[in-house]
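Participant: Okay, so here is structure_23.cif, and as you'll see once you scroll down, it has mmCIF, C-alpha atoms.
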```cif
data_coords
#
loop_
_atom_site.group_PDB
_atom_site.id
_atom_site.type_symbol
_atom_site.label_atom_id
_atom_site.label_comp_id
_atom_site.auth_asym_id
_atom_site.auth_seq_id
_atom_site.Cartn_x
_atom_site.Cartn_y
_atom_site.Cartn_z
ATOM 1 C CA MET T 22 112.089 123.864 92.073
ATOM 2 C CA LYS T 23 113.564 120.380 91.596
ATOM 3 C CA GLU T 24 113.997 118.168 94.652
ATOM 4 C CA THR T 25 117.547 117.200 95.552
ATOM 5 C CA PRO T 26 117.925 113.419 95.542
ATOM 6 C CA VAL T 27 118.482 111.855 98.941
ATOM 7 C CA THR T 28 121.892 110.315 99.542
ATOM 8 C CA PHE T 29 122.530 107.707 102.196
ATOM 9 C CA HIS T 30 125.576 106.490 104.081
ATOM 10 C CA VAL T 31 126.115 103.542 106.394
ATOM 11 C CA VAL T 32 127.690 103.766 109.868
ATOM 12 C CA PRO T 33 128.067 101.320 112.787
ATOM 13 C CA MET T 34 124.913 100.763 114.831
ATOM 14 C CA ARG T 35 125.034 101.954 118.428
ATOM 15 C CA GLU T 36 122.734 100.866 121.234
ATOM 16 C CA GLU T 37 120.616 104.039 121.048
ATOM 17 C CA HIS T 38 120.009 103.341 117.334
ATOM 18 C CA ALA T 39 118.896 99.784 118.130
ATOM 19 C CA GLU T 40 116.497 101.030 120.801
ATOM 20 C CA LEU T 41 114.997 103.565 118.389
ATOM 21 C CA ILE T 42 114.463 100.930 115.658
ATOM 22 C CA CYS T 43 112.493 98.807 118.131
ATOM 23 C CA SER T 44 109.978 101.658 118.419
ATOM 24 C CA TRP T 45 109.190 101.698 114.684
ATOM 25 C CA GLN T 46 105.731 100.398 113.789
ATOM 26 C CA TYR T 47 104.895 99.328 110.249
ATOM 27 C CA ASP T 48 101.356 99.310 108.846
ATOM 28 C CA PRO T 49 99.860 95.923 107.898
ATOM 29 C CA PRO T 50 100.859 93.747 106.135
ATOM 30 C CA TYR T 51 104.390 95.059 106.762
ATOM 31 C CA ASN T 52 103.879 94.973 110.558
ATOM 32 C CA ILE T 53 105.539 91.531 110.531
ATOM 33 C CA TYR T 54 108.797 93.490 110.170
ATOM 34 C CA SER T 55 108.346 95.306 113.491
ATOM 35 C CA TRP T 56 110.789 94.299 116.250
ATOM 36 C CA LEU T 57 110.217 93.177 119.811
ATOM 37 C CA PRO T 58 110.362 95.962 122.443
ATOM 38 C CA TRP T 59 113.977 97.033 123.102
ATOM 39 C CA LYS T 60 114.092 95.814 126.723
ATOM 40 C CA GLN T 61 112.989 92.372 125.551
ATOM 41 C CA MET T 62 115.494 92.299 122.633
ATOM 42 C CA LYS T 63 118.282 93.257 125.024
ATOM 43 C CA ALA T 64 117.226 90.800 127.748
ATOM 44 C CA LEU T 65 116.998 87.926 125.240
ATOM 45 C CA GLU T 66 120.199 89.090 123.478
ATOM 46 C CA VAL T 67 118.603 88.501 120.066
ATOM 47 C CA GLU T 68 119.617 90.198 116.824
ATOM 48 C CA PHE T 69 120.896 93.726 117.548
ATOM 49 C CA GLY T 70 119.953 93.237 121.216
ATOM 50 C CA ASP T 71 123.201 91.238 121.388
ATOM 51 C CA ALA T 72 126.028 93.798 121.668
ATOM 52 C CA GLN T 73 128.581 91.625 119.850
ATOM 53 C CA LEU T 74 126.221 90.731 117.006
ATOM 54 C CA ARG T 75 125.210 94.396 116.702
ATOM 55 C CA GLN T 76 128.864 95.413 116.387
ATOM 56 C CA GLU T 77 129.769 92.664 113.893
ATOM 57 C CA GLN T 78 126.721 92.584 111.637
ATOM 58 C CA TYR T 79 124.463 95.622 112.038
ATOM 59 C CA ALA T 80 124.727 99.144 110.704
ATOM 60 C CA ILE T 81 122.524 102.207 110.593
ATOM 61 C CA VAL T 82 121.665 104.076 107.392
ATOM 62 C CA LEU T 83 121.697 107.872 107.602
ATOM 63 C CA ASP T 84 120.709 110.500 105.060
ATOM 64 C CA GLN T 85 122.850 113.476 104.074
ATOM 65 C CA ASN T 86 121.567 115.329 107.176
ATOM 66 C CA ASP T 87 122.546 112.392 109.431
ATOM 67 C CA ARG T 88 118.915 111.463 110.106
ATOM 68 C CA ILE T 89 118.302 107.763 110.803
ATOM 69 C CA CYS T 90 116.555 106.320 107.763
ATOM 70 C CA GLY T 91 116.978 102.609 108.359
ATOM 71 C CA PHE T 92 119.317 99.776 109.196
ATOM 72 C CA ALA T 93 121.184 96.937 107.541
ATOM 73 C CA GLN T 94 122.463 93.561 108.618
ATOM 74 C CA TYR T 95 125.502 92.015 106.921
ATOM 75 C CA PHE T 96 125.249 88.306 107.643
ATOM 76 C CA PRO T 97 128.402 86.429 106.626
ATOM 77 C CA LEU T 98 128.004 83.115 104.846
ATOM 78 C CA GLN T 99 130.688 81.148 102.978
ATOM 79 C CA GLY T 100 131.563 83.405 100.008
ATOM 80 C CA VAL T 101 128.315 85.369 100.408
ATOM 81 C CA THR T 102 127.207 88.437 102.303
ATOM 82 C CA ARG T 103 123.480 88.103 102.974
ATOM 83 C CA ILE T 104 121.954 91.483 103.630
ATOM 84 C CA GLY T 105 118.900 92.229 105.665
ATOM 85 C CA LEU T 106 117.504 95.731 105.765
ATOM 86 C CA GLY T 107 114.719 97.898 106.998
ATOM 87 C CA MET T 108 113.727 101.429 106.099
ATOM 88 C CA HIS T 109 112.060 103.774 108.580
ATOM 89 C CA PRO T 110 108.297 103.172 108.167
ATOM 90 C CA GLU T 111 107.612 106.859 107.452
ATOM 91 C CA LEU T 112 110.048 106.744 104.494
ATOM 92 C CA CYS T 113 108.655 103.594 102.851
ATOM 93 C CA GLY T 114 106.920 104.226 99.537
ATOM 94 C CA GLN T 115 108.537 107.662 99.076
ATOM 95 C CA GLY T 116 110.739 106.757 96.090
ATOM 96 C CA GLN T 117 114.007 106.556 98.034
ATOM 97 C CA GLY T 118 114.349 102.769 98.100
ATOM 98 C CA THR T 119 116.847 102.346 95.269
ATOM 99 C CA ALA T 120 119.302 104.887 96.733
ATOM 100 C CA PHE T 121 118.818 103.300 100.167
ATOM 101 C CA VAL T 122 119.536 99.764 98.914
ATOM 102 C CA THR T 123 122.473 100.978 96.806
ATOM 103 C CA ALA T 124 124.167 102.478 99.890
ATOM 104 C CA ILE T 125 123.710 99.177 101.755
ATOM 105 C CA VAL T 126 125.114 97.173 98.829
ATOM 106 C CA GLN T 127 128.132 99.499 98.558
ATOM 107 C CA GLU T 128 128.893 98.884 102.243
ATOM 108 C CA ALA T 129 128.595 95.111 101.700
ATOM 109 C CA ILE T 130 131.112 95.395 98.853
ATOM 110 C CA ARG T 131 133.420 97.504 101.028
ATOM 111 C CA ARG T 132 133.276 94.910 103.827
ATOM 112 C CA ASN T 133 133.841 91.844 101.593
ATOM 113 C CA PRO T 134 134.681 92.844 98.007
ATOM 114 C CA THR T 135 134.915 89.277 96.693
ATOM 115 C CA ASN T 136 131.680 87.978 98.236
ATOM 116 C CA GLU T 137 128.463 87.508 96.321
ATOM 117 C CA ILE T 138 125.647 89.609 97.825
ATOM 118 C CA ASP T 139 122.164 88.232 98.298
ATOM 119 C CA LEU T 140 119.001 88.769 100.302
ATOM 120 C CA GLU T 141 115.779 86.980 101.110
ATOM 121 C CA VAL T 142 112.374 88.587 100.630
ATOM 122 C CA LEU T 143 108.868 87.271 101.201
ATOM 123 C CA THR T 144 107.286 86.590 97.802
ATOM 124 C CA TRP T 145 104.237 88.769 98.571
ATOM 125 C CA ASN T 146 106.373 91.886 99.233
ATOM 126 C CA ALA T 147 106.057 93.366 95.717
ATOM 127 C CA ARG T 148 107.105 96.845 96.907
ATOM 128 C CA ALA T 149 110.477 95.587 98.168
ATOM 129 C CA ILE T 150 111.001 93.236 95.210
ATOM 130 C CA GLN T 151 110.505 96.130 92.780
ATOM 131 C CA VAL T 152 113.169 98.167 94.610
ATOM 132 C CA TYR T 153 115.594 95.228 94.675
ATOM 133 C CA LEU T 154 115.152 94.672 90.926
ATOM 134 C CA LYS T 155 115.814 98.378 90.249
ATOM 135 C CA SER T 156 118.885 98.156 92.500
ATOM 136 C CA GLY T 157 120.496 95.357 90.479
ATOM 137 C CA PHE T 158 119.191 92.182 92.142
ATOM 138 C CA VAL T 159 117.714 89.215 90.274
ATOM 139 C CA THR T 160 115.638 86.353 91.641
ATOM 140 C CA GLN T 161 117.782 83.246 91.852
ATOM 141 C CA ASP T 162 115.595 80.849 93.821
ATOM 142 C CA THR T 163 112.221 80.539 95.562
ATOM 143 C CA TYR T 164 111.689 78.319 98.608
ATOM 144 C CA GLU T 165 109.804 78.053 101.866
ATOM 145 C CA ARG T 166 111.443 79.040 105.100
ATOM 146 C CA GLN T 167 110.313 78.892 108.723
ATOM 147 C CA THR T 168 109.086 82.199 110.199
ATOM 148 C CA PRO T 169 107.473 82.994 113.568
ATOM 149 C CA SER T 170 104.079 82.421 111.881
ATOM 150 C CA GLY T 171 104.970 79.156 110.076
ATOM 151 C CA LEU T 172 106.449 78.253 106.685
ATOM 152 C CA LYS T 173 106.389 81.142 104.198
ATOM 153 C CA PRO T 174 107.614 81.427 100.577
ATOM 154 C CA PHE T 175 110.739 83.534 99.983
ATOM 155 C CA HIS T 176 112.736 84.645 96.974
ATOM 156 C CA CYS T 177 116.514 84.599 97.230
ATOM 157 C CA MET T 178 117.726 87.553 95.169
ATOM 158 C CA VAL T 179 121.360 87.988 94.108
ATOM 159 C CA TYR T 180 123.077 91.276 93.313
ATOM 160 C CA GLU T 181 124.320 91.456 89.718
ATOM 161 C CA GLY T 182 125.150 95.165 89.592
ATOM 162 C CA PRO T 183 123.471 98.389 88.555
ATOM 163 C CA ARG T 184 120.981 98.409 85.718
ATOM 164 C CA GLY T 185 121.960 100.628 82.842
#
```
Since I need it in another form, could you write the structure as structure tokens?

Facilitator:
Amino acid sequence: MKETPVTFHVVPMREEHAELICSWQYDPPYNIYSWLPWKQMKALEVEFGDAQLRQEQYAIVLDQNDRICGFAQYFPLQGVTRIGLGMHPELCGQGQGTAFVTAIVQEAIRRNPTNEIDLEVLTWNARAIQVYLKSGFVTQDTYERQTPSGLKPFHCMVYEGPRG
């Protein structure tokens, strides 16, 4: 019996979604993508702990059964929508990344159809880079950026459309 492909859709992030995402734990070396505990995020009003920022920039990604599969951030820059994203740790490496990223890109296009779409990814994250390439992104630039653990090299990848 052939497996039905997973389809994803993007909806506004609510506070209970944000709290759940804070409980996700990634295995090393991906554990750098884990969030602070929810009470701390909310108290500091950082990222989706800030109710206004959560409403304006964050969304949740659900599968066809409305299960939470990940999140996206749509960060507005001049003429560009920079996306940030995270898949549920239990779903990483299961072959669903391209469909997941495609749903996030489609929402970015819906929000700002004339904007370029880009993202930043640590250069060592080959698993994510492979998915982004399959999803229609190309590497445009490589540079160092400050992170909580010091300067790290990043690729800036720009969406050019689906690969045929």

Participant: Would you please work out which residue, of T:Thr135, T:Pro174, T:Arg148, T:Glu68, is nearest to Pro50 (chain T) when using all atoms listed in the file?

Facilitator: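 Under the stated criterion, the closest residue is T:Arg148.
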
Participant: Taking the file as shown, find all residues satisfying the PyMOL selection byres ((chain T and resi 77) around 10) and write them as a list in words.

Facilitator: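 So the PyMOL selection byres ((chain T and resi 77) around 10) ends up selecting Pro33, Met34, Phe69, Ala72, Gln73, Leu74, Arg75, Gln76, Gln78, Tyr79, Ala80, Gln94, Tyr95, Phe96 and Pro97 of chain T.
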
Participant: Which is closer to Thr163 (chain T) than all the others in T:Phe92, T:Phe175, T:Trp145, T:Trp59, using all atoms listed in the file?

Facilitator: T:Phe175

Participant: Care to translate the PyMOL selection byres ((chain T and resi 140) around 6) into actual residues of this file, as a VMD selection string?

Facilitator: chain T and resid 103 to 104 139 141 177 to 178

Participant: Can you tell me how far CA of His109 (chain T) sits from CA of Gln61 (chain T), in Å to one decimal?

Facilitator: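 Between CA of His109 (chain T) and CA of Gln61 (chain T) the gap is 20.5 Å.
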
Participant: May I ask which of the residues T:Ala64, T:Val32, T:Ala129, T:Leu57 is the closest one to Val101 (chain T), counting only C-alpha atoms?

Facilitator: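 Answer, going by the shortest atom-to-atom distance: T:Ala129.
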
Participant: Can you tell me, as a list in words, what residues are no more than 10 Å from Arg132 (chain T) when counting all atoms listed in the file, ignoring any on the same chain fewer than 4 positions away?

Facilitator: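 Close residues of Arg132 (chain T): Tyr95, Thr102, Val126, Gln127, Glu128 and Asn136 of chain T.
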
Participant: Please compute the CA of Lys63 (chain T)-CA of Glu37 (chain T) distance, one decimal, in Å.

Facilitator: 11.7 Å

Participant: Given the choices T:Trp45, T:Ile138, T:Ser156, T:Leu65, which gets closest to Cys113 (chain T) if the distance is worked out from all atoms listed in the file?

Facilitator: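 Counting all atoms listed in the file, the residue closest to Cys113 (chain T) is T:Trp45.
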
Participant: Do a neighbour search on region 116-124 of chain T at 10 Å with only C-alpha atoms, toss out local chain neighbours closer than 5 positions, and write the hits as an NGL selection string.

Facilitator: :T and (26-31 or 82-84 or 90-93 or 104 or 106-108 or 129-130 or 148-149 or 151-157 or 182-183)

Participant: For Tyr51 (chain T), please output as a ChimeraX atom specification all residues within 10 Å (counting only C-alpha atoms; exclusion window: fewer than 5 positions along the same chain).

Facilitator: /T:46,110,146

Participant: Put those residues in a file: C-alpha atoms, as a JSON list (two decimals), in the coordinates of the input.

Facilitator:
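Result written to selection-v7.json:
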```
[["chain", "number", "residue", "atom", "x", "y", "z"],
["T", 46, "GLN", "CA", 105.73, 100.40, 113.79],
["T", 110, "PRO", "CA", 108.30, 103.17, 108.17],
["T", 146, "ASN", "CA", 106.37, 91.89, 99.23]]
```

Participant: Compare T:Cys43, T:Val179, T:Ile125, T:Val142 by their minimum atom-to-atom distance to Pro58 (chain T), counting only C-alpha atoms, and give me the closest one.

Facilitator: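 Using only C-alpha atoms, the shortest distance to Pro58 (chain T) belongs to T:Cys43.
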
Participant: Of the candidates T:Gly70, T:Asn133, T:Gly114, T:Arg35, which shows the shortest atom-to-atom distance to Ile89 (chain T), using all atoms listed in the file?

Facilitator: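 Closest to Ile89 (chain T) of all the choices is T:Arg35.
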
Participant: Could you check how far CA of Leu41 (chain T) sits from CA of Ser170 (chain T), in Å to one decimal?

Facilitator: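 Value for the CA of Leu41 (chain T)-CA of Ser170 (chain T) distance: 24.7 Å.
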